[in-house]
Amino acid sequence: MSKLLLLDIDGTLLDSHKKLPASAKEALQQARLNGHDLAIATGRGPFMITNVLKELDIDTYITFNGQYIAHKGEAIHKQAIDADILNDIFEFADQRDHPLVFMNENKMVSSIDFHPDIDESIKTLKMAHPEVDKEFYLNNDVYQALVFCEEEEEQQYHDTFKQVDFVRWHRVSCDITPKGGTKASGIKHLIKATGHSIEETIAFGDGLNDLQMMDIAGYSVAMENGHEETKKRASYVTDHVDNDGLAKAFKHLKLI
């Protein structure tokens with residue numbers, strides 16, 4: 001039976017050096033030859049995954065944690081954050097010296113010329129500090145934003161802005177997405193286009209933004225390097241991403 005394999009990128013598909021292990025690439029290619037369909041499910045934006053999509057010949061993806069979804073290279077679902085809400089968050093964050101980054105399908109821009117927290121976290125994605133445009137969200141659809149604050153400063157955002165979700169992905173950064181917009185909601189949109197049932201989906205992930213995906217997929221695999229809560233939710237925990245964890249999971253599940 002053909003499965004729809006939903007692959008997180010950072011810490012799942014890419015190793016701790018942001019490289020694609022040869023074993024993972026071979027496993028994906030063999031799984032495809034065996035009749036399975038491949039899709040990306042990531043918190044990154046489309047413009048951030050072009051190299052991965054090209055290298056793996058994948059044209060179906062859930063990005064921005066479910067806010068921008070494409071099937072066969074065509075957008076099938078887009079959900080932007082309301083500009084008025086972003087304006088309120090911007091003013092709230094600015095009073096606390098917390099910068100923001102805004103993202104659409106093509107680019108990311110910063111609310112500040114330079115900030116060490118932005119630099120630190122964005123560098124982990126092997127990307128440069130974004131250009132500045134404080135009013136980007138007023139003139140463009142924003143599918144995901146980032147607020148830069150430490151964990152002990154995060155709760156005030158949850159308490160103040162109930163219309164959006166905040167999900168921490170880095171020591172100094174949280175994703176901001178429309179309320180209820182997750183990789184899980186993305187899967188529901190995607191399977192309508194692919195023709196798969198939810199029972200035919202297998203999710204592979206490691207982070208907190210993979211929790212709902214672990215819950216909804218027909219079967220779920222967490223990486224050994226993943227967050228403890230993610231590993232608790234998964235159907236199966238495979239080896240570390242740096243130790244051929246993805247390929248080992250594919251073999252365990254008899255996908256290859």
# chains A, B, ... in the order shown; residues from 1 in each chain; ligands from 1
$ closest_atom_pairs --of "region 184-211 of chain A" --to "region 229-241 of chain A" --cutoff "8 Å" --atoms "only C-alpha atoms" --output "CSV"
residue,atom,partner,partner_atom,distance
A:Gly205,CA,A:Thr230,CA,7.8
A:Asp206,CA,A:Thr230,CA,6.2
A:Gly207,CA,A:Thr230,CA,6.3
A:Leu208,CA,A:Thr230,CA,6.3
A:Asp210,CA,A:Thr230,CA,6.9
A:Leu211,CA,A:Thr230,CA,5.6
$ closest_atom_pairs --of "region 175-255 of chain A" --to "region 3-14 of chain A" --cutoff "12 Å" --atoms "only C-alpha atoms" --output "Markdown table"
| residue | atom | partner | partner_atom | distance |
| --- | --- | --- | --- | --- |
| A:Lys183 | CA | A:Asp8 | CA | 9.6 |
| A:Ala184 | CA | A:Leu6 | CA | 10.6 |
| A:Gly186 | CA | A:Leu6 | CA | 10.6 |
| A:Ile187 | CA | A:Leu6 | CA | 8.5 |
| A:Leu190 | CA | A:Leu4 | CA | 10.0 |
| A:Ile191 | CA | A:Leu4 | CA | 8.5 |
| A:Ala193 | CA | A:Leu4 | CA | 11.7 |
| A:Thr194 | CA | A:Leu4 | CA | 8.5 |
| A:Gly195 | CA | A:Leu4 | CA | 9.7 |
| A:His196 | CA | A:Leu4 | CA | 6.9 |
| A:Ser197 | CA | A:Leu4 | CA | 8.9 |
| A:Ile198 | CA | A:Leu4 | CA | 8.9 |
| A:Glu199 | CA | A:Lys3 | CA | 8.7 |
| A:Glu200 | CA | A:Lys3 | CA | 4.9 |
| A:Thr201 | CA | A:Leu4 | CA | 4.7 |
| A:Ile202 | CA | A:Leu5 | CA | 5.0 |
| A:Ala203 | CA | A:Leu6 | CA | 4.7 |
| A:Phe204 | CA | A:Leu7 | CA | 5.1 |
| A:Gly205 | CA | A:Asp8 | CA | 5.1 |
| A:Asp206 | CA | A:Thr12 | CA | 6.2 |
| A:Gly207 | CA | A:Gly11 | CA | 7.9 |
| A:Leu208 | CA | A:Asp8 | CA | 11.4 |
| A:Asn209 | CA | A:Asp8 | CA | 9.6 |
| A:Asp210 | CA | A:Asp8 | CA | 7.9 |
| A:Leu211 | CA | A:Asp8 | CA | 11.5 |
| A:Met213 | CA | A:Leu6 | CA | 9.1 |
| A:Met214 | CA | A:Leu6 | CA | 10.4 |
| A:Ile216 | CA | A:Leu6 | CA | 11.7 |
| A:Ala217 | CA | A:Leu6 | CA | 9.0 |
| A:Gly218 | CA | A:Lys3 | CA | 9.6 |
| A:Tyr219 | CA | A:Leu5 | CA | 9.7 |
| A:Ser220 | CA | A:Leu6 | CA | 9.3 |
| A:Val221 | CA | A:Thr12 | CA | 9.8 |
| A:Ala222 | CA | A:Thr12 | CA | 8.2 |
| A:Met223 | CA | A:Thr12 | CA | 6.5 |
| A:Glu224 | CA | A:Thr12 | CA | 9.6 |
| A:Asn225 | CA | A:Gly11 | CA | 7.3 |
| A:Gly226 | CA | A:Gly11 | CA | 7.4 |
| A:His227 | CA | A:Gly11 | CA | 10.2 |
| A:Val237 | CA | A:Thr12 | CA | 11.7 |
| A:Thr238 | CA | A:Thr12 | CA | 10.3 |
| A:Asp239 | CA | A:Thr12 | CA | 10.4 |
| A:His240 | CA | A:Thr12 | CA | 8.6 |
| A:Val241 | CA | A:Thr12 | CA | 5.9 |
| A:Asp242 | CA | A:Leu14 | CA | 8.6 |
| A:Asn243 | CA | A:Thr12 | CA | 11.1 |
| A:Asp244 | CA | A:Leu13 | CA | 10.0 |
| A:Gly245 | CA | A:Thr12 | CA | 8.2 |
| A:Leu246 | CA | A:Thr12 | CA | 7.0 |
| A:Ala247 | CA | A:Leu13 | CA | 9.9 |
| A:Ala249 | CA | A:Thr12 | CA | 11.0 |
| A:Phe250 | CA | A:Leu5 | CA | 10.0 |
| A:Leu253 | CA | A:Lys3 | CA | 10.9 |
| A:Lys254 | CA | A:Lys3 | CA | 11.3 |
| A:Leu255 | CA | A:Lys3 | CA | 8.6 |
$ select_by_dssp --residues "region 4-245 of chain A" --states "helix (DSSP H, G or I)" --output "PyMOL selection string"
chain A and resi 22-33+46-48+50-56+64-66+83-95+116-123+136-139+151-153+155-160+183-194+198-200+208-216+228-233+241-243+245
$ atom_distance --atom1 "CA of Asp141 (chain A)" --atom2 "CA of Gly180 (chain A)"
17.9 Å
$ select_by_dssp --residues "region 63-248 of chain A" --states "strand (DSSP E or B)" --output "ChimeraX atom specification"
/A:63,68-71,74-78,100-103,108-110,131-132,144-148,164-170,173-178,201-205,219-222,236-237
